[in-house]
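Chemist: Input entry.txt, format and content: compact mmCIF, C-alpha atoms.
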# COMPACT_ATOMS: atom_id res chain seq x y z
CA MET A 192 104.46 97.82 107.75
CA THR A 193 103.46 101.34 106.75
CA MET A 194 100.66 101.69 104.21
CA PRO A 195 101.92 102.39 100.68
CA VAL A 196 100.62 105.34 98.67
CA TYR A 197 99.16 105.21 95.15
CA TYR A 198 98.73 107.42 92.13
CA ILE A 199 96.15 105.80 89.86
CA SER A 200 94.90 106.52 86.37
CA HIS A 201 91.15 106.21 86.95
CA GLY A 202 89.87 105.90 83.38
CA GLY A 203 87.05 107.80 81.73
CA GLY A 204 83.57 108.44 83.10
CA PRO A 205 81.48 105.66 84.70
CA TRP A 206 83.12 102.86 82.73
CA PRO A 207 82.59 100.00 85.26
CA TRP A 208 78.83 100.30 84.75
CA MET A 209 79.04 100.10 80.95
CA PRO A 210 79.34 96.46 79.80
CA GLU A 211 80.56 97.54 76.39
CA ALA A 212 83.67 99.01 78.07
CA ALA A 213 84.68 95.82 79.89
CA GLU A 214 87.23 94.61 77.34
CA ARG A 215 88.68 98.07 76.80
CA TYR A 216 89.24 98.50 80.54
CA ALA A 217 90.37 94.95 81.34
CA ILE A 218 93.98 95.95 82.09
CA LEU A 219 92.97 98.80 84.40
CA THR A 220 90.34 96.64 86.09
CA ALA A 221 92.90 93.95 86.89
CA ALA A 222 95.35 96.53 88.22
CA LEU A 223 92.79 98.15 90.50
CA GLN A 224 91.53 94.79 91.74
CA ASP A 225 95.07 93.82 92.70
CA ILE A 226 95.76 96.86 94.87
CA PRO A 227 94.06 95.41 97.99
CA ASN A 228 96.31 92.34 97.61
CA GLN A 229 99.39 94.57 97.70
CA LEU A 230 98.53 96.11 101.07
CA PRO A 231 99.78 94.76 104.41
CA ARG A 232 96.20 94.75 105.73
CA LYS A 233 92.79 96.22 104.99
CA PRO A 234 92.84 100.01 105.42
CA LYS A 235 90.96 101.56 108.31
CA ALA A 236 90.09 104.45 106.00
CA ILE A 237 90.98 105.92 102.61
CA VAL A 238 92.00 109.49 101.83
CA MET A 239 91.37 110.23 98.16
CA VAL A 240 92.73 113.27 96.32
CA SER A 241 90.78 113.36 93.07
CA ALA A 242 91.51 115.35 89.92
CA HIS A 243 87.81 116.27 89.84
CA TRP A 244 87.67 118.51 92.89
CA GLU A 245 89.38 121.90 93.07
CA ALA A 246 89.24 124.72 95.59
CA ASP A 247 90.53 128.27 95.37
CA GLY A 248 92.74 129.65 98.12
CA GLY A 249 93.28 126.42 100.06
CA PHE A 250 92.24 122.81 100.29
CA LEU A 251 88.75 121.52 101.02
CA ILE A 252 88.09 118.39 103.06
CA MET A 253 84.90 116.38 102.53
CA GLY A 254 83.08 116.52 105.85
CA ASN A 255 79.78 114.74 105.18
CA PRO A 256 79.52 111.56 107.32
CA LYS A 257 77.29 110.06 104.59
CA PRO A 258 78.74 111.46 101.38
CA PRO A 259 76.27 111.77 98.49
CA MET A 260 77.12 111.06 94.87
CA TYR A 261 78.42 113.73 92.51
CA TYR A 262 77.90 112.66 88.90
CA ASP A 263 80.49 114.87 87.24
CA TYR A 264 80.30 113.36 83.75
CA TYR A 265 78.13 114.11 80.75
CA ASN A 266 76.28 112.32 77.92
CA PHE A 267 76.49 108.85 79.43
CA PRO A 268 73.61 106.32 79.67
CA PRO A 269 70.84 107.26 82.16
CA HIS A 270 71.57 104.32 84.47
CA THR A 271 75.07 105.66 85.16
CA TYR A 272 73.46 108.60 86.99
CA GLU A 273 71.89 106.18 89.46
CA VAL A 274 75.14 104.51 90.51
CA GLN A 275 75.69 104.40 94.26
CA TYR A 276 78.89 103.95 96.26
CA PRO A 277 77.64 104.17 99.86
CA ALA A 278 80.98 104.25 101.68
CA PRO A 279 80.73 106.24 104.93
CA GLY A 280 82.70 109.36 105.67
CA SER A 281 84.69 109.78 108.88
CA PRO A 282 84.23 112.92 110.99
CA GLU A 283 87.17 111.88 113.17
CA LEU A 284 89.48 111.56 110.16
CA VAL A 285 88.26 114.88 108.79
CA LYS A 286 89.30 116.59 112.03
CA GLN A 287 92.65 114.82 111.92
CA ILE A 288 93.32 115.88 108.33
CA ALA A 289 92.38 119.48 109.13
CA ALA A 290 94.76 119.46 112.08
CA LEU A 291 97.61 118.04 109.99
CA LEU A 292 97.12 120.64 107.27
CA ASP A 293 96.89 123.44 109.81
CA ARG A 294 100.10 122.25 111.46
CA ALA A 295 101.79 122.31 108.05
CA GLY A 296 100.60 125.86 107.43
CA LEU A 297 98.25 124.84 104.63
CA ALA A 298 94.95 126.70 104.37
CA CYS A 299 91.96 124.37 104.49
CA ALA A 300 88.26 124.23 105.24
CA ILE A 301 85.64 121.52 105.65
CA ASP A 302 82.93 121.13 103.00
CA SER A 303 79.88 119.43 104.50
CA GLU A 304 77.96 119.10 101.21
CA ARG A 305 80.39 117.71 98.63
CA GLY A 306 79.86 114.13 97.42
CA PHE A 307 82.03 111.46 95.83
CA ASP A 308 83.06 112.36 92.27
CA HIS A 309 83.94 109.76 89.66
CA GLY A 310 87.65 110.10 90.36
CA THR A 311 86.81 108.54 93.71
CA PHE A 312 83.82 106.23 93.38
CA VAL A 313 84.82 104.67 90.04
CA PRO A 314 88.19 103.19 91.10
CA LEU A 315 86.96 102.39 94.61
CA ALA A 316 84.01 100.45 93.22
CA ILE A 317 86.56 98.15 91.56
CA MET A 318 89.00 98.03 94.48
CA TYR A 319 86.49 97.75 97.32
CA PRO A 320 83.05 96.94 95.88
CA ASP A 321 81.51 96.41 99.34
CA ALA A 322 81.98 100.13 100.10
CA ASP A 323 82.69 99.26 103.73
CA ILE A 324 85.79 101.43 104.28
CA PRO A 325 85.36 105.08 105.34
CA VAL A 326 86.46 107.49 102.61
CA VAL A 327 87.38 111.17 102.88
CA GLN A 328 88.17 113.26 99.81
CA VAL A 329 90.58 116.19 99.84
CA SER A 330 90.52 118.70 96.99
CA LEU A 331 93.27 120.07 94.80
CA GLU A 332 94.11 123.77 94.99
CA THR A 333 93.10 125.42 91.75
CA HIS A 334 96.35 127.32 91.15
CA PHE A 335 98.01 123.92 90.59
CA ASP A 336 101.32 124.76 92.28
CA PRO A 337 103.34 121.50 92.31
CA GLU A 338 105.17 122.41 95.53
CA LEU A 339 101.91 123.13 97.32
CA HIS A 340 100.57 119.69 96.38
CA LEU A 341 103.81 118.01 97.40
CA ALA A 342 103.35 119.81 100.73
CA LEU A 343 99.81 118.45 100.98
CA GLY A 344 101.19 114.94 100.59
CA ARG A 345 103.85 115.56 103.23
CA ALA A 346 101.18 116.80 105.63
CA LEU A 347 99.04 113.71 105.06
CA ALA A 348 101.95 111.27 105.35
CA PRO A 349 101.55 110.52 109.11
CA LEU A 350 98.17 108.92 108.36
CA ARG A 351 100.00 106.03 106.73
CA ASN A 352 101.17 104.88 110.14
CA GLU A 353 97.53 104.53 111.21
CA ASP A 354 96.59 102.08 108.44
CA ILE A 355 95.05 104.82 106.31
CA LEU A 356 95.47 104.46 102.55
CA ILE A 357 96.30 107.63 100.59
CA ILE A 358 95.42 107.64 96.88
CA GLY A 359 95.95 110.33 94.27
CA SER A 360 93.41 109.73 91.50
CA GLY A 361 93.98 111.26 88.08
CA LEU A 362 95.21 110.11 84.68
CA SER A 363 98.82 110.10 83.53
CA TYR A 364 97.67 111.51 80.15
CA HIS A 365 94.68 113.83 79.95
CA ASN A 366 94.16 115.70 76.71
CA LEU A 367 90.53 115.14 75.77
CA ARG A 368 90.94 116.79 72.36
CA GLU A 369 93.59 114.30 71.24
CA ILE A 370 92.94 111.27 73.44
CA ARG A 371 91.12 109.23 70.77
CA THR A 372 92.94 110.55 67.73
CA ILE A 373 96.57 111.74 67.77
CA GLY A 374 97.42 111.22 71.45
CA SER A 375 99.48 108.06 70.99
CA GLU A 376 102.88 109.67 70.50
CA PRO A 377 102.68 112.46 73.11
CA SER A 378 101.25 110.08 75.72
CA ALA A 379 104.12 107.64 75.10
CA GLN A 380 106.71 110.41 75.29
CA PHE A 381 105.37 111.83 78.52
CA ASP A 382 104.91 108.38 80.05
CA ALA A 383 108.53 107.49 79.29
CA TRP A 384 109.58 110.62 81.18
CA LEU A 385 107.32 109.71 84.09
CA GLN A 386 108.80 106.21 84.28
CA GLN A 387 112.31 107.64 84.35
CA VAL A 388 111.57 110.25 87.01
CA VAL A 389 109.14 108.34 89.21
CA VAL A 390 110.46 104.77 89.05
CA GLU A 391 113.93 104.59 87.56
CA GLY A 392 115.61 107.82 88.66
CA PRO A 393 117.10 108.75 92.04
CA VAL A 394 114.42 109.07 94.72
CA ALA A 395 116.21 112.11 96.15
CA GLU A 396 115.74 113.99 92.87
CA ARG A 397 112.14 112.94 92.18
CA SER A 398 110.27 115.84 93.78
CA ASN A 399 112.41 118.50 92.15
CA ALA A 400 112.08 116.80 88.78
CA LEU A 401 108.30 116.68 89.11
CA LYS A 402 108.20 120.38 89.97
CA GLN A 403 109.78 120.94 86.54
CA TRP A 404 107.24 118.70 84.78
CA GLU A 405 106.42 121.31 82.12
CA SER A 406 109.88 120.80 80.62
CA ALA A 407 109.20 117.09 80.04
CA PRO A 408 108.71 115.79 76.47
CA ALA A 409 105.17 116.49 75.24
CA ALA A 410 104.24 117.81 78.70
CA ARG A 411 101.56 120.28 77.68
CA ARG A 412 100.18 117.97 75.02
CA ALA A 413 99.79 115.32 77.69
CA HIS A 414 98.35 117.77 80.22
CA PRO A 415 96.99 121.00 78.71
CA ARG A 416 95.56 121.51 82.19
CA GLU A 417 97.35 119.64 84.97
CA ASP A 418 94.39 118.71 87.16
CA HIS A 419 94.91 114.99 86.42
CA LEU A 420 98.66 115.17 87.09
CA LEU A 421 98.63 117.03 90.43
CA PRO A 422 97.36 114.00 92.43
CA LEU A 423 100.73 112.45 91.56
CA MET A 424 102.47 115.29 93.42
CA VAL A 425 100.35 114.54 96.49
CA ALA A 426 101.23 110.85 96.34
CA VAL A 427 104.94 111.62 95.97
CA GLY A 428 104.84 114.06 98.87
CA ALA A 429 103.26 111.42 101.11
CA ALA A 430 106.09 108.96 100.36
CA GLU A 431 108.87 111.32 99.39
CA ASN A 432 111.84 109.18 100.34
CA GLU A 433 110.48 105.83 99.19
CA ALA A 434 110.94 103.92 95.98
CA ALA A 435 108.14 103.64 93.43
CA THR A 436 106.79 100.78 91.34
CA CYS A 437 104.65 100.96 88.21
CA VAL A 438 101.57 98.89 89.03
CA HIS A 439 99.53 99.56 85.89
CA HIS A 440 100.82 100.25 82.41
CA GLU A 441 99.15 99.98 79.04
CA VAL A 442 99.62 101.38 75.56
CA THR A 443 96.05 100.84 74.38
CA ALA A 444 94.06 102.93 76.86
CA PHE A 445 91.24 104.80 75.10
CA ALA A 446 92.30 102.77 72.00
CA ASN A 447 95.84 104.13 71.64
CA ILE A 448 97.00 106.03 74.74
CA THR A 449 99.85 105.09 77.08
CA ALA A 450 98.74 105.31 80.71
CA SER A 451 100.30 104.28 84.00
CA SER A 452 99.72 104.08 87.75
CA PHE A 453 102.31 103.96 90.53
CA ARG A 454 102.77 102.66 94.06
CA PHE A 455 105.11 104.36 96.50
CA GLY A 456 106.53 102.44 99.43
Show how you would write the structure in this file as structure tokens.

Modeler:
Amino acid sequence: MTMPVYYISHGGGPWPWMPEAAERYAILTAALQDIPNQLPRKPKAIVMVSAHWEADGGFLIMGNPKPPMYYDYYNFPPHTYEVQYPAPGSPELVKQIAALLDRAGLACAIDSERGFDHGTFVPLAIMYPDADIPVVQVSLETHFDPELHLALGRALAPLRNEDILIIGSGLSYHNLREIRTIGSEPSAQFDAWLQQVVVEGPVAERSNALKQWESAPAARRAHPREDHLLPLMVAVGAAENEAATCVHHEVTAFANITASSFRFG
């Protein structure tokens, strides 16, 4: 059985290390913990495309065999800047990803210094707390072209046949100005559109519909900047002809926001 592909809503900041957030994140925690149970076997490696890494003019591939930590959040308790997720990198997988992207005509380079950002280490700490699976991050491209990120997913798709898990990590609603105040209605409107396009609608029309995401209800209120949506395009590209399932859905995220995660295949 081929490995499925996921688009996950990863939550806010270093929430797993903040006991006061446990109840608020109980639904997401349970959903992330269940993902390993949904797989046919333990992955040999994980390729993570996080909303928190962008590159200009092509894609970057994390090349450090012992990736450091990249604490890309602000004004959190001091202990959250000491969190460690010591998963190894994989030089062999890095070369394989670079070759796949090159074959697809996608510009890429290897970054030997970049570390795990919270879009990667936060959900993985819940899914695989032992940190014993090699992880390689791939960046977004900062011009945010949906077709380019679908193409990235298509290029990565062959890795699924080698027991490598591909995850796009973002958030299905990401408007930090409204997220704790008036985001309830636009997040629900945009999520309803996502459910229709990603899960309920014809698979053959999904990619084209996602390329037109800005015409969706409340699209730019849900994503003033689409960095947290583009990992979904990568996930769809990696499983373009396969049905999707909603594996995490809540209407009380961040107090009142609708958020979802999806499995493909």

Chemist: Just to confirm, what's the straight-line distance from atom CA of Ile199 of chain A to atom CA of Ser360 of chain A in Å (one decimal)?

Modeler: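 Separation of atom CA of Ile199 of chain A and atom CA of Ser360 of chain A: 5.1 Å.
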
Chemist: Which residue, A:Leu356, A:Ile370, A:Ala410, A:Cys437, has the smallest gap to Gly202 of chain A when you use only C-alpha atoms?

Modeler: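 Smallest separation from Gly202 of chain A among the options: A:Ile370.
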
Chemist: Which residue is closest to Ile218 of chain A? Choose from A:Ala278, A:Val238, A:Asp323, A:Phe445 and count all atoms listed in the file.

Modeler: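 Of A:Ala278, A:Val238, A:Asp323, A:Phe445, the one nearest Ile218 of chain A, counting all atoms listed in the file, is A:Phe445.
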
Chemist: For atom CA of Pro259 of chain A and atom CA of Gln275 of chain A, quote the distance in Å rounded to one decimal.

Modeler: 8.5 Å

Chemist: When you count only C-alpha atoms, which of these residues is closest to Glu353 of chain A: A:Leu284, A:Asp321, A:Val240, A:Pro277?

Modeler: A:Leu284

Chemist: Considering all atoms listed in the file, state which residue in the set A:Glu405, A:Glu417, A:Asp308, A:Glu433 is at the smallest distance from Val389 of chain A.

Modeler: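 Counting all atoms listed in the file, the residue closest to Val389 of chain A is A:Glu433.
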
Chemist: For Thr220 of chain A, which residue among A:Pro393, A:Pro408, A:Pro269, A:Pro207 is the nearest when counting only C-alpha atoms?

Modeler: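 Of the candidates, the smallest distance to Thr220 of chain A is held by A:Pro207.
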
Chemist: Please return as a PyMOL selection string every residue within 12 Å of (90.3, 121.8, 111.3), taking into account only C-alpha atoms and the file's own coordinates.

Modeler: chain A and resi 250-254+282-302

Chemist: Which residue is closest to Thr436 of chain A? Choose from A:Val196, A:Asp418, A:Arg368, A:Val327 and count all atoms listed in the file.

Modeler: A:Val196

Chemist: Using only C-alpha atoms - which residues lie no farther than 12 Å from the point (84.0, 117.2, 89.6) in the file's frame? Write them as a VMD selection string.

Modeler: chain A and resid 204 240 to 246 260 to 265 305 to 312 328 330 to 331 361 418 to 419

Chemist: Could those residues be written to a file, using C-alpha atoms, as a PDB file, keeping the file's coordinate frame?

Modeler:
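Okay, result_24.pdb is ready:
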ATOM      1  CA  GLY A 204      83.570 108.440  83.100  1.00  0.00           C
ATOM      2  CA  VAL A 240      92.730 113.270  96.320  1.00  0.00           C
ATOM      3  CA  SER A 241      90.780 113.360  93.070  1.00  0.00           C
ATOM      4  CA  ALA A 242      91.510 115.350  89.920  1.00  0.00           C
ATOM      5  CA  HIS A 243      87.810 116.270  89.840  1.00  0.00           C
ATOM      6  CA  TRP A 244      87.670 118.510  92.890  1.00  0.00           C
ATOM      7  CA  GLU A 245      89.380 121.900  93.070  1.00  0.00           C
ATOM      8  CA  ALA A 246      89.240 124.720  95.590  1.00  0.00           C
ATOM      9  CA  MET A 260      77.120 111.060  94.870  1.00  0.00           C
ATOM     10  CA  TYR A 261      78.420 113.730  92.510  1.00  0.00           C
ATOM     11  CA  TYR A 262      77.900 112.660  88.900  1.00  0.00           C
ATOM     12  CA  ASP A 263      80.490 114.870  87.240  1.00  0.00           C
ATOM     13  CA  TYR A 264      80.300 113.360  83.750  1.00  0.00           C
ATOM     14  CA  TYR A 265      78.130 114.110  80.750  1.00  0.00           C
ATOM     15  CA  ARG A 305      80.390 117.710  98.630  1.00  0.00           C
ATOM     16  CA  GLY A 306      79.860 114.130  97.420  1.00  0.00           C
ATOM     17  CA  PHE A 307      82.030 111.460  95.830  1.00  0.00           C
ATOM     18  CA  ASP A 308      83.060 112.360  92.270  1.00  0.00           C
ATOM     19  CA  HIS A 309      83.940 109.760  89.660  1.00  0.00           C
ATOM     20  CA  GLY A 310      87.650 110.100  90.360  1.00  0.00           C
ATOM     21  CA  THR A 311      86.810 108.540  93.710  1.00  0.00           C
ATOM     22  CA  PHE A 312      83.820 106.230  93.380  1.00  0.00           C
ATOM     23  CA  GLN A 328      88.170 113.260  99.810  1.00  0.00           C
ATOM     24  CA  SER A 330      90.520 118.700  96.990  1.00  0.00           C
ATOM     25  CA  LEU A 331      93.270 120.070  94.800  1.00  0.00           C
ATOM     26  CA  GLY A 361      93.980 111.260  88.080  1.00  0.00           C
ATOM     27  CA  ASP A 418      94.390 118.710  87.160  1.00  0.00           C
ATOM     28  CA  HIS A 419      94.910 114.990  86.420  1.00  0.00           C
TER      29      HIS A 419
END

Chemist: State, in Å with one decimal place, the distance from atom CA of Val427 of chain A to atom CA of Tyr197 of chain A.

Modeler: 8.7 Å
